[in-house]
Amino acid sequence: MPDAPLSKIMDVSLTRSCNYDCSYCNQRQELDKPMFDMSESKRKMVSNKRRTGAEWIAGLNAFPYKDDYDKLLFSGGEPSLHGEFVDIVTRVKGWRMKVIVTNLSFDVAKLIAGCHQEKTRVIVQPSFHFEFAEFEEFCGKMDLLRSASFLSNFIPVSIVNLPDREEGENFRNKFKARGYEASLYRFEGYYKGKFSYAPLDGYGGIKETKEVLYSSCVQPVKPNGDIVYCTTDTYSETSVAYGNICDQKFVAIPREIKIQNYGNRHISAASWTRARNPVSGEPIWQGKNYRHRTPMNRLRVFAEEKNYPWLASAKHFANVVQNKLKKPDAVNQTNLD
Ligand code: SF4
């Protein structure tokens, strides 16, 4: 029986720029060499040629395949650095769910007012970057978002978990005391000599050139509007584009492609993708966000869209059970809790 359709996300990178410079930012990871101490290297920036707010609004509103996607994500870099950020996120309509992934350094009151004016809703999923963000100011913004029902209850705040630093766990406890469930997420990539995410013969194993069948649940859109196959392609100037959102050009996106550079695909693509052996069809790797539109997953998307208050506790519980049941070396990797 053929697989159900993929549970897909469109991830629009309004800009690759960021006002922070986190030492662990995985945009530091080059495609051709592993980074052992990422703080030594600069953030990777391919073309940051941006589209205007009007171009994004017209392009995303006219996109004819919105129903193929479970959500529209605005990310970056830091998406709020786009000069017309509030206009874009409030005036783009017709998508099942709009989610902003942000370091929360912007004026959230303006976003809330813009949404009320446009009679629209967005879900804000903030990340707390402890090297730059100020805890009380950050919490004040979360309070405002929560009272307007815009704060994600699925992932109210995420914090990176670095193997040799305690801030993640400490801040998670501080958020808990302040009434917020913070998720620690697994650091994605090389950190001080250790590859802390995927099996070494997969992502980032630069000597690996085996051919695999490869598919992705996320379709990234570059700051210039180009639609690409997976997150790796957003770090390359020469990747194939499947049309352009702002130019209203669309090319069919294949369900699965053959690639030969599986080893040095960018680590931030890992959680969304699946790689299979082209002969046996056996999975080599399947990330935690690689999903099909099964009835269970549709239910999950529905709950996330409704943003029910019990979501964070349910997710925490599911992760604890999942981590207990799965072996650490399993092909399927899991979340922290
Ligand atoms: S806030 Fe995010 S994108 Fe910006 S430097 Fe930190 S990790 Fe990178």
# chains A, B, ... in the order shown; residues from 1 in each chain; ligands from 1
call {"tool": "residues_around", "arguments": {"residues": "range 142-147 of chain A", "least_positions_apart": "5", "cutoff": "12 Å", "atoms": "only C-alpha atoms", "output": "PDB file with N, CA and C atoms, in the first residue's frame"}}
result
ATOM      1  N   THR A 102      11.073  32.521  16.426  1.00  0.00           N
ATOM      2  CA  THR A 102      11.746  33.805  16.656  1.00  0.00           C
ATOM      3  C   THR A 102      12.545  33.820  17.957  1.00  0.00           C
ATOM      4  N   ASN A 103      13.531  34.725  18.011  1.00  0.00           N
ATOM      5  CA  ASN A 103      14.250  34.918  19.285  1.00  0.00           C
ATOM      6  C   ASN A 103      13.527  35.944  20.176  1.00  0.00           C
ATOM      7  N   LEU A 104      12.396  36.420  19.733  1.00  0.00           N
ATOM      8  CA  LEU A 104      11.493  37.305  20.488  1.00  0.00           C
ATOM      9  C   LEU A 104      12.104  38.674  20.807  1.00  0.00           C
ATOM     10  N   SER A 105      12.987  39.131  19.943  1.00  0.00           N
ATOM     11  CA  SER A 105      13.612  40.426  20.218  1.00  0.00           C
ATOM     12  C   SER A 105      12.769  41.584  19.672  1.00  0.00           C
ATOM     13  N   PHE A 106      11.605  41.303  19.105  1.00  0.00           N
ATOM     14  CA  PHE A 106      10.800  42.371  18.497  1.00  0.00           C
ATOM     15  C   PHE A 106       9.678  42.822  19.447  1.00  0.00           C
ATOM     16  N   ASP A 107       8.961  43.861  19.007  1.00  0.00           N
ATOM     17  CA  ASP A 107       7.874  44.439  19.803  1.00  0.00           C
ATOM     18  C   ASP A 107       6.603  43.590  19.615  1.00  0.00           C
ATOM     19  N   VAL A 108       6.303  42.740  20.595  1.00  0.00           N
ATOM     20  CA  VAL A 108       5.181  41.805  20.415  1.00  0.00           C
ATOM     21  C   VAL A 108       3.828  42.535  20.447  1.00  0.00           C
ATOM     22  N   ALA A 109       3.768  43.691  21.139  1.00  0.00           N
ATOM     23  CA  ALA A 109       2.494  44.445  21.192  1.00  0.00           C
ATOM     24  C   ALA A 109       2.074  44.862  19.780  1.00  0.00           C
ATOM     25  N   LYS A 110       3.066  45.223  18.949  1.00  0.00           N
ATOM     26  CA  LYS A 110       2.770  45.619  17.562  1.00  0.00           C
ATOM     27  C   LYS A 110       2.211  44.445  16.777  1.00  0.00           C
ATOM     28  N   LEU A 111       2.768  43.279  17.016  1.00  0.00           N
ATOM     29  CA  LEU A 111       2.285  42.078  16.312  1.00  0.00           C
ATOM     30  C   LEU A 111       0.841  41.775  16.717  1.00  0.00           C
ATOM     31  N   ILE A 112       0.574  41.857  18.013  1.00  0.00           N
ATOM     32  CA  ILE A 112      -0.778  41.557  18.505  1.00  0.00           C
ATOM     33  C   ILE A 112      -1.781  42.561  17.916  1.00  0.00           C
ATOM     34  N   ALA A 113      -1.402  43.854  17.945  1.00  0.00           N
ATOM     35  CA  ALA A 113      -2.304  44.884  17.389  1.00  0.00           C
ATOM     36  C   ALA A 113      -2.530  44.636  15.896  1.00  0.00           C
ATOM     37  N   CYS A 115      -2.415  41.829  14.254  1.00  0.00           N
ATOM     38  CA  CYS A 115      -3.283  40.654  14.061  1.00  0.00           C
ATOM     39  C   CYS A 115      -4.740  41.022  14.321  1.00  0.00           C
ATOM     40  N   ARG A 121      -4.714  35.322  13.047  1.00  0.00           N
ATOM     41  CA  ARG A 121      -4.045  34.752  14.217  1.00  0.00           C
ATOM     42  C   ARG A 121      -2.730  34.139  13.781  1.00  0.00           C
ATOM     43  N   VAL A 122      -1.701  34.306  14.608  1.00  0.00           N
ATOM     44  CA  VAL A 122      -0.447  33.589  14.370  1.00  0.00           C
ATOM     45  C   VAL A 122      -0.090  32.886  15.676  1.00  0.00           C
ATOM     46  N   ILE A 123       0.717  31.851  15.558  1.00  0.00           N
ATOM     47  CA  ILE A 123       1.210  31.183  16.754  1.00  0.00           C
ATOM     48  C   ILE A 123       2.707  31.494  16.836  1.00  0.00           C
ATOM     49  N   VAL A 124       3.133  31.977  17.995  1.00  0.00           N
ATOM     50  CA  VAL A 124       4.532  32.371  18.156  1.00  0.00           C
ATOM     51  C   VAL A 124       5.264  31.296  18.957  1.00  0.00           C
ATOM     52  N   GLN A 125       6.368  30.838  18.381  1.00  0.00           N
ATOM     53  CA  GLN A 125       7.166  29.784  19.007  1.00  0.00           C
ATOM     54  C   GLN A 125       8.555  30.363  19.301  1.00  0.00           C
ATOM     55  N   PRO A 126       8.761  30.890  20.507  1.00  0.00           N
ATOM     56  CA  PRO A 126      10.032  31.571  20.760  1.00  0.00           C
ATOM     57  C   PRO A 126      11.153  30.627  21.210  1.00  0.00           C
ATOM     58  N   SER A 127      12.378  31.013  20.864  1.00  0.00           N
ATOM     59  CA  SER A 127      13.558  30.308  21.385  1.00  0.00           C
ATOM     60  C   SER A 127      14.281  31.276  22.315  1.00  0.00           C
ATOM     61  N   PHE A 128      14.699  30.764  23.462  1.00  0.00           N
ATOM     62  CA  PHE A 128      15.431  31.618  24.404  1.00  0.00           C
ATOM     63  C   PHE A 128      16.932  31.391  24.193  1.00  0.00           C
ATOM     64  N   PHE A 135      16.201  37.523  30.579  1.00  0.00           N
ATOM     65  CA  PHE A 135      15.127  36.648  31.034  1.00  0.00           C
ATOM     66  C   PHE A 135      13.819  37.380  31.339  1.00  0.00           C
ATOM     67  N   GLU A 136      13.890  38.443  32.159  1.00  0.00           N
ATOM     68  CA  GLU A 136      12.642  39.112  32.569  1.00  0.00           C
ATOM     69  C   GLU A 136      11.943  39.783  31.394  1.00  0.00           C
ATOM     70  N   GLU A 137      12.745  40.420  30.530  1.00  0.00           N
ATOM     71  CA  GLU A 137      12.160  41.078  29.347  1.00  0.00           C
ATOM     72  C   GLU A 137      11.484  40.021  28.450  1.00  0.00           C
ATOM     73  N   SER A 152       2.635  29.783  21.539  1.00  0.00           N
ATOM     74  CA  SER A 152       2.431  28.357  21.270  1.00  0.00           C
ATOM     75  C   SER A 152       2.325  27.594  22.582  1.00  0.00           C
ATOM     76  N   ASN A 153       1.285  26.781  22.689  1.00  0.00           N
ATOM     77  CA  ASN A 153       1.199  25.898  23.848  1.00  0.00           C
ATOM     78  C   ASN A 153       1.888  24.570  23.552  1.00  0.00           C
ATOM     79  N   PRO A 156       6.068  26.242  24.079  1.00  0.00           N
ATOM     80  CA  PRO A 156       5.997  27.624  24.594  1.00  0.00           C
ATOM     81  C   PRO A 156       7.346  28.337  24.528  1.00  0.00           C
ATOM     82  N   VAL A 157       8.410  27.629  24.809  1.00  0.00           N
ATOM     83  CA  VAL A 157       9.745  28.222  24.624  1.00  0.00           C
ATOM     84  C   VAL A 157      10.743  27.077  24.464  1.00  0.00           C
ATOM     85  N   PHE A 175      12.104  29.135  33.883  1.00  0.00           N
ATOM     86  CA  PHE A 175      10.850  29.285  33.127  1.00  0.00           C
ATOM     87  C   PHE A 175       9.726  28.526  33.822  1.00  0.00           C
ATOM     88  N   ARG A 178       8.312  30.365  36.543  1.00  0.00           N
ATOM     89  CA  ARG A 178       7.559  31.515  36.014  1.00  0.00           C
ATOM     90  C   ARG A 178       6.265  31.061  35.324  1.00  0.00           C
ATOM     91  N   GLY A 179       6.023  29.717  35.316  1.00  0.00           N
ATOM     92  CA  GLY A 179       4.761  29.196  34.761  1.00  0.00           C
ATOM     93  C   GLY A 179       4.828  28.792  33.299  1.00  0.00           C
ATOM     94  N   TYR A 180       6.047  28.587  32.767  1.00  0.00           N
ATOM     95  CA  TYR A 180       6.172  28.195  31.362  1.00  0.00           C
ATOM     96  C   TYR A 180       6.920  26.872  31.221  1.00  0.00           C
ATOM     97  N   GLU A 181       6.375  25.967  30.400  1.00  0.00           N
ATOM     98  CA  GLU A 181       7.061  24.712  30.078  1.00  0.00           C
ATOM     99  C   GLU A 181       8.112  25.017  29.015  1.00  0.00           C
ATOM    100  N   ALA A 182       9.375  24.874  29.329  1.00  0.00           N
ATOM    101  CA  ALA A 182      10.409  25.091  28.312  1.00  0.00           C
ATOM    102  C   ALA A 182      10.888  23.741  27.805  1.00  0.00           C
ATOM    103  N   ASN A 307      -4.230  25.226  19.346  1.00  0.00           N
ATOM    104  CA  ASN A 307      -3.342  25.725  20.403  1.00  0.00           C
ATOM    105  C   ASN A 307      -3.924  25.489  21.805  1.00  0.00           C
ATOM    106  N   TYR A 308      -4.408  24.261  22.034  1.00  0.00           N
ATOM    107  CA  TYR A 308      -5.011  23.925  23.326  1.00  0.00           C
ATOM    108  C   TYR A 308      -4.000  24.095  24.475  1.00  0.00           C
ATOM    109  N   PRO A 309      -4.463  24.564  25.638  1.00  0.00           N
ATOM    110  CA  PRO A 309      -3.544  24.834  26.763  1.00  0.00           C
ATOM    111  C   PRO A 309      -2.837  23.583  27.299  1.00  0.00           C
TER     112      PRO A 309
END
call {"tool": "residues_around", "arguments": {"residues": "Gly77 in chain A", "least_positions_apart": "4", "cutoff": "9 Å", "atoms": "only C-alpha atoms", "output": "list in words"}}
result
Ser13, Leu14, Thr15, Arg16, Ser17, Cys18, Asn19, Gln27, Leu81 and Thr102 of chain A
call {"tool": "write_last_selection", "arguments": {"atoms": "N, CA and C atoms", "output": "compact mmCIF listing (two decimals), in the first residue's frame"}}
result
# COMPACT_ATOMS: atom_id res chain seq x y z
N SER A 13 11.97 31.78 4.93
CA SER A 13 13.06 32.50 5.58
C SER A 13 13.01 33.95 5.08
N LEU A 14 12.42 34.83 5.89
CA LEU A 14 12.27 36.21 5.41
C LEU A 14 13.62 36.91 5.27
N THR A 15 14.57 36.49 6.10
CA THR A 15 15.94 37.00 6.01
C THR A 15 16.86 35.98 6.67
N ARG A 16 18.09 35.92 6.22
CA ARG A 16 19.07 35.05 6.90
C ARG A 16 19.80 35.82 8.01
N SER A 17 19.56 37.13 8.09
CA SER A 17 20.27 37.92 9.10
C SER A 17 19.74 37.64 10.49
N CYS A 18 20.57 37.92 11.48
CA CYS A 18 20.10 37.81 12.86
C CYS A 18 20.78 38.89 13.69
N ASN A 19 20.06 39.43 14.66
CA ASN A 19 20.63 40.45 15.53
C ASN A 19 21.42 39.83 16.68
N GLN A 27 23.93 27.77 11.97
CA GLN A 27 24.21 28.38 10.67
C GLN A 27 25.70 28.62 10.50
N LEU A 81 13.45 40.76 11.63
CA LEU A 81 14.34 41.79 11.10
C LEU A 81 13.92 42.26 9.71
N THR A 102 11.07 32.52 16.43
CA THR A 102 11.75 33.81 16.66
C THR A 102 12.54 33.82 17.96
call {"tool": "closest_residue", "arguments": {"among": "A:Lys119, A:Lys71, A:Lys174, A:Lys66", "to": "Arg91 in chain A", "atoms": "only C-alpha atoms"}}
result
A:Lys119
call {"tool": "closest_residue", "arguments": {"among": "A:Gly287, A:Pro5, A:Pro79, A:Gly168", "to": "ligand 1", "atoms": "only C-alpha atoms and all ligand atoms"}}
result
A:Pro79
call {"tool": "closest_residue", "arguments": {"among": "A:Asp21, A:Asp247, A:Glu55, A:Glu131", "to": "ligand 1", "atoms": "only C-alpha atoms and all ligand atoms"}}
result
A:Asp21
call {"tool": "closest_residue", "arguments": {"among": "A:Glu78, A:Glu305, A:Glu211, A:Glu166", "to": "ligand 1", "atoms": "only C-alpha atoms and all ligand atoms"}}
result
A:Glu78
call {"tool": "residues_around", "arguments": {"residues": "Tyr65 in chain A", "least_positions_apart": "3", "cutoff": "12 Å", "atoms": "only C-alpha atoms", "output": "NGL selection string"}}
result
:A and (8-10 or 59-62 or 68-72 or 94-96 or 245 or 248 or 250-253)
call {"tool": "select_by_dssp", "arguments": {"residues": "range 168-333 of chain A", "states": "strand (DSSP E or B)", "output": "PyMOL selection string"}}
result
chain A and resi 182-186+190-191+194-195+212-216+218-221+226-227+243-244+249-250+257-259+273-276+283-286+292+332
call {"tool": "residues_around", "arguments": {"residues": "Asn297 in chain A", "least_positions_apart": "6", "cutoff": "10 Å", "atoms": "only C-alpha atoms", "output": "list in words"}}
result
Ser7, Arg291 and Ala303 of chain A
call {"tool": "write_last_selection", "arguments": {"atoms": "C-alpha atoms", "output": "CSV table (one decimal), in the first residue's frame"}}
result
chain,number,residue,atom,x,y,z
A,7,SER,CA,2.9,16.0,6.5
A,291,ARG,CA,5.8,12.4,9.3
A,303,ALA,CA,-4.6,20.2,18.3
call {"tool": "closest_residue", "arguments": {"among": "A:Leu311, A:Ser47, A:Ser268, A:Ile257", "to": "ligand 1", "atoms": "only C-alpha atoms and all ligand atoms"}}
result
A:Ser268
call {"tool": "atom_distance", "arguments": {"atom1": "CA of Glu134 in chain A", "atom2": "CA of Ser80 in chain A"}}
result
17.5 Å
call {"tool": "atom_distance", "arguments": {"atom1": "CA of Pro223 in chain A", "atom2": "CA of Ser236 in chain A"}}
result
12.7 Å
call {"tool": "select_by_dssp", "arguments": {"residues": "range 186-304 of chain A", "states": "helix (DSSP H, G or I)", "output": "PyMOL selection string"}}
result
chain A and resi 231-235+267-272+295-304
call {"tool": "atom_distance", "arguments": {"atom1": "CA of Asn264 in chain A", "atom2": "CA of Asp3 in chain A"}}
result
27.2 Å
call {"tool": "decode", "arguments": {"residues": "range 255-297 of chain A", "atoms": "N, CA and C atoms", "output": "PDB file, in the first residue's frame"}}
result
ATOM      1  N   ARG A 255       8.315  13.605  -4.665  1.00  0.00           N
ATOM      2  CA  ARG A 255       8.170  13.053  -3.316  1.00  0.00           C
ATOM      3  C   ARG A 255       9.525  12.577  -2.775  1.00  0.00           C
ATOM      4  N   GLU A 256      10.334  11.988  -3.640  1.00  0.00           N
ATOM      5  CA  GLU A 256      11.625  11.438  -3.214  1.00  0.00           C
ATOM      6  C   GLU A 256      12.630  11.677  -4.335  1.00  0.00           C
ATOM      7  N   ILE A 257      13.864  12.008  -3.966  1.00  0.00           N
ATOM      8  CA  ILE A 257      14.889  12.217  -4.992  1.00  0.00           C
ATOM      9  C   ILE A 257      16.099  11.347  -4.663  1.00  0.00           C
ATOM     10  N   LYS A 258      16.967  11.130  -5.657  1.00  0.00           N
ATOM     11  CA  LYS A 258      18.222  10.407  -5.391  1.00  0.00           C
ATOM     12  C   LYS A 258      19.309  11.440  -5.184  1.00  0.00           C
ATOM     13  N   ILE A 259      20.057  11.304  -4.100  1.00  0.00           N
ATOM     14  CA  ILE A 259      21.176  12.226  -3.906  1.00  0.00           C
ATOM     15  C   ILE A 259      22.425  11.415  -3.554  1.00  0.00           C
ATOM     16  N   GLN A 260      23.573  12.047  -3.749  1.00  0.00           N
ATOM     17  CA  GLN A 260      24.810  11.333  -3.458  1.00  0.00           C
ATOM     18  C   GLN A 260      25.605  11.986  -2.331  1.00  0.00           C
ATOM     19  N   ASN A 261      25.125  13.128  -1.865  1.00  0.00           N
ATOM     20  CA  ASN A 261      25.897  13.831  -0.825  1.00  0.00           C
ATOM     21  C   ASN A 261      25.194  13.755   0.529  1.00  0.00           C
ATOM     22  N   TYR A 262      24.590  12.615   0.809  1.00  0.00           N
ATOM     23  CA  TYR A 262      23.868  12.458   2.074  1.00  0.00           C
ATOM     24  C   TYR A 262      24.759  12.796   3.262  1.00  0.00           C
ATOM     25  N   GLY A 263      26.016  12.363   3.186  1.00  0.00           N
ATOM     26  CA  GLY A 263      26.938  12.594   4.306  1.00  0.00           C
ATOM     27  C   GLY A 263      27.072  14.043   4.671  1.00  0.00           C
ATOM     28  N   ASN A 264      27.228  14.919   3.694  1.00  0.00           N
ATOM     29  CA  ASN A 264      27.441  16.316   4.079  1.00  0.00           C
ATOM     30  C   ASN A 264      26.227  17.207   3.841  1.00  0.00           C
ATOM     31  N   ARG A 265      25.051  16.625   3.918  1.00  0.00           N
ATOM     32  CA  ARG A 265      23.839  17.456   3.973  1.00  0.00           C
ATOM     33  C   ARG A 265      23.894  18.288   5.266  1.00  0.00           C
ATOM     34  N   HIS A 266      23.298  19.445   5.267  1.00  0.00           N
ATOM     35  CA  HIS A 266      23.395  20.315   6.445  1.00  0.00           C
ATOM     36  C   HIS A 266      22.598  19.741   7.614  1.00  0.00           C
ATOM     37  N   ILE A 267      23.184  19.800   8.782  1.00  0.00           N
ATOM     38  CA  ILE A 267      22.590  19.163   9.947  1.00  0.00           C
ATOM     39  C   ILE A 267      21.185  19.679  10.269  1.00  0.00           C
ATOM     40  N   SER A 268      20.917  20.938   9.968  1.00  0.00           N
ATOM     41  CA  SER A 268      19.597  21.448  10.357  1.00  0.00           C
ATOM     42  C   SER A 268      18.492  20.876   9.470  1.00  0.00           C
ATOM     43  N   ALA A 269      18.874  20.127   8.410  1.00  0.00           N
ATOM     44  CA  ALA A 269      17.856  19.438   7.609  1.00  0.00           C
ATOM     45  C   ALA A 269      17.449  18.123   8.265  1.00  0.00           C
ATOM     46  N   ALA A 270      18.313  17.609   9.152  1.00  0.00           N
ATOM     47  CA  ALA A 270      18.210  16.216   9.566  1.00  0.00           C
ATOM     48  C   ALA A 270      16.846  15.823  10.138  1.00  0.00           C
ATOM     49  N   SER A 271      16.298  16.662  11.000  1.00  0.00           N
ATOM     50  CA  SER A 271      15.097  16.210  11.701  1.00  0.00           C
ATOM     51  C   SER A 271      13.874  16.109  10.787  1.00  0.00           C
ATOM     52  N   TRP A 272      13.946  16.712   9.598  1.00  0.00           N
ATOM     53  CA  TRP A 272      12.778  16.742   8.715  1.00  0.00           C
ATOM     54  C   TRP A 272      12.813  15.692   7.616  1.00  0.00           C
ATOM     55  N   THR A 273      13.872  14.903   7.565  1.00  0.00           N
ATOM     56  CA  THR A 273      14.099  14.122   6.350  1.00  0.00           C
ATOM     57  C   THR A 273      14.171  12.616   6.602  1.00  0.00           C
ATOM     58  N   ARG A 274      14.087  11.888   5.489  1.00  0.00           N
ATOM     59  CA  ARG A 274      14.288  10.445   5.536  1.00  0.00           C
ATOM     60  C   ARG A 274      15.233  10.064   4.407  1.00  0.00           C
ATOM     61  N   ALA A 275      16.150   9.155   4.712  1.00  0.00           N
ATOM     62  CA  ALA A 275      17.026   8.614   3.672  1.00  0.00           C
ATOM     63  C   ALA A 275      16.822   7.107   3.650  1.00  0.00           C
ATOM     64  N   ARG A 276      16.744   6.532   2.430  1.00  0.00           N
ATOM     65  CA  ARG A 276      16.539   5.088   2.315  1.00  0.00           C
ATOM     66  C   ARG A 276      17.587   4.492   1.392  1.00  0.00           C
ATOM     67  N   ASN A 277      17.877   3.226   1.620  1.00  0.00           N
ATOM     68  CA  ASN A 277      18.774   2.493   0.742  1.00  0.00           C
ATOM     69  C   ASN A 277      18.078   2.323  -0.617  1.00  0.00           C
ATOM     70  N   PRO A 278      18.725   2.752  -1.728  1.00  0.00           N
ATOM     71  CA  PRO A 278      18.039   2.722  -3.022  1.00  0.00           C
ATOM     72  C   PRO A 278      17.768   1.303  -3.534  1.00  0.00           C
ATOM     73  N   VAL A 279      18.486   0.314  -3.013  1.00  0.00           N
ATOM     74  CA  VAL A 279      18.268  -1.062  -3.489  1.00  0.00           C
ATOM     75  C   VAL A 279      17.220  -1.763  -2.622  1.00  0.00           C
ATOM     76  N   SER A 280      17.462  -1.748  -1.308  1.00  0.00           N
ATOM     77  CA  SER A 280      16.541  -2.493  -0.438  1.00  0.00           C
ATOM     78  C   SER A 280      15.322  -1.660  -0.005  1.00  0.00           C
ATOM     79  N   GLY A 281      15.432  -0.358  -0.088  1.00  0.00           N
ATOM     80  CA  GLY A 281      14.338   0.503   0.374  1.00  0.00           C
ATOM     81  C   GLY A 281      14.328   0.668   1.891  1.00  0.00           C
ATOM     82  N   GLU A 282      15.280   0.009   2.568  1.00  0.00           N
ATOM     83  CA  GLU A 282      15.340   0.093   4.038  1.00  0.00           C
ATOM     84  C   GLU A 282      15.712   1.508   4.480  1.00  0.00           C
ATOM     85  N   PRO A 283      15.089   2.012   5.569  1.00  0.00           N
ATOM     86  CA  PRO A 283      15.479   3.356   6.040  1.00  0.00           C
ATOM     87  C   PRO A 283      16.898   3.382   6.619  1.00  0.00           C
ATOM     88  N   ILE A 284      17.644   4.434   6.284  1.00  0.00           N
ATOM     89  CA  ILE A 284      18.978   4.658   6.856  1.00  0.00           C
ATOM     90  C   ILE A 284      18.844   5.666   7.989  1.00  0.00           C
ATOM     91  N   TRP A 285      17.947   6.599   7.769  1.00  0.00           N
ATOM     92  CA  TRP A 285      17.763   7.686   8.729  1.00  0.00           C
ATOM     93  C   TRP A 285      16.353   8.222   8.617  1.00  0.00           C
ATOM     94  N   GLN A 286      15.730   8.475   9.743  1.00  0.00           N
ATOM     95  CA  GLN A 286      14.442   9.166   9.708  1.00  0.00           C
ATOM     96  C   GLN A 286      14.378  10.150  10.864  1.00  0.00           C
ATOM     97  N   GLY A 287      14.261  11.420  10.548  1.00  0.00           N
ATOM     98  CA  GLY A 287      14.257  12.460  11.581  1.00  0.00           C
ATOM     99  C   GLY A 287      12.947  12.513  12.345  1.00  0.00           C
ATOM    100  N   LYS A 288      12.978  13.172  13.501  1.00  0.00           N
ATOM    101  CA  LYS A 288      11.793  13.177  14.381  1.00  0.00           C
ATOM    102  C   LYS A 288      10.613  13.942  13.789  1.00  0.00           C
ATOM    103  N   ASN A 289      10.879  14.844  12.835  1.00  0.00           N
ATOM    104  CA  ASN A 289       9.773  15.607  12.248  1.00  0.00           C
ATOM    105  C   ASN A 289       9.340  15.064  10.891  1.00  0.00           C
ATOM    106  N   TYR A 290       9.863  13.909  10.513  1.00  0.00           N
ATOM    107  CA  TYR A 290       9.449  13.302   9.243  1.00  0.00           C
ATOM    108  C   TYR A 290       8.163  12.521   9.499  1.00  0.00           C
ATOM    109  N   ARG A 291       7.057  13.007   8.931  1.00  0.00           N
ATOM    110  CA  ARG A 291       5.768  12.375   9.253  1.00  0.00           C
ATOM    111  C   ARG A 291       4.889  12.287   8.023  1.00  0.00           C
ATOM    112  N   HIS A 292       3.957  11.352   8.095  1.00  0.00           N
ATOM    113  CA  HIS A 292       2.926  11.251   7.062  1.00  0.00           C
ATOM    114  C   HIS A 292       1.614  11.815   7.598  1.00  0.00           C
ATOM    115  N   ARG A 293       0.696  12.094   6.678  1.00  0.00           N
ATOM    116  CA  ARG A 293      -0.631  12.587   7.101  1.00  0.00           C
ATOM    117  C   ARG A 293      -1.504  11.409   7.517  1.00  0.00           C
ATOM    118  N   THR A 294      -1.100  10.751   8.571  1.00  0.00           N
ATOM    119  CA  THR A 294      -1.896   9.653   9.118  1.00  0.00           C
ATOM    120  C   THR A 294      -3.020  10.268   9.956  1.00  0.00           C
ATOM    121  N   PRO A 295      -4.049   9.480  10.294  1.00  0.00           N
ATOM    122  CA  PRO A 295      -5.119  10.044  11.139  1.00  0.00           C
ATOM    123  C   PRO A 295      -4.564  10.602  12.451  1.00  0.00           C
ATOM    124  N   MET A 296      -3.576   9.910  13.039  1.00  0.00           N
ATOM    125  CA  MET A 296      -2.979  10.363  14.304  1.00  0.00           C
ATOM    126  C   MET A 296      -2.304  11.718  14.131  1.00  0.00           C
ATOM    127  N   ASN A 297      -1.589  11.835  13.011  1.00  0.00           N
ATOM    128  CA  ASN A 297      -0.873  13.081  12.779  1.00  0.00           C
ATOM    129  C   ASN A 297      -1.833  14.234  12.461  1.00  0.00           C
TER     130      ASN A 297
END
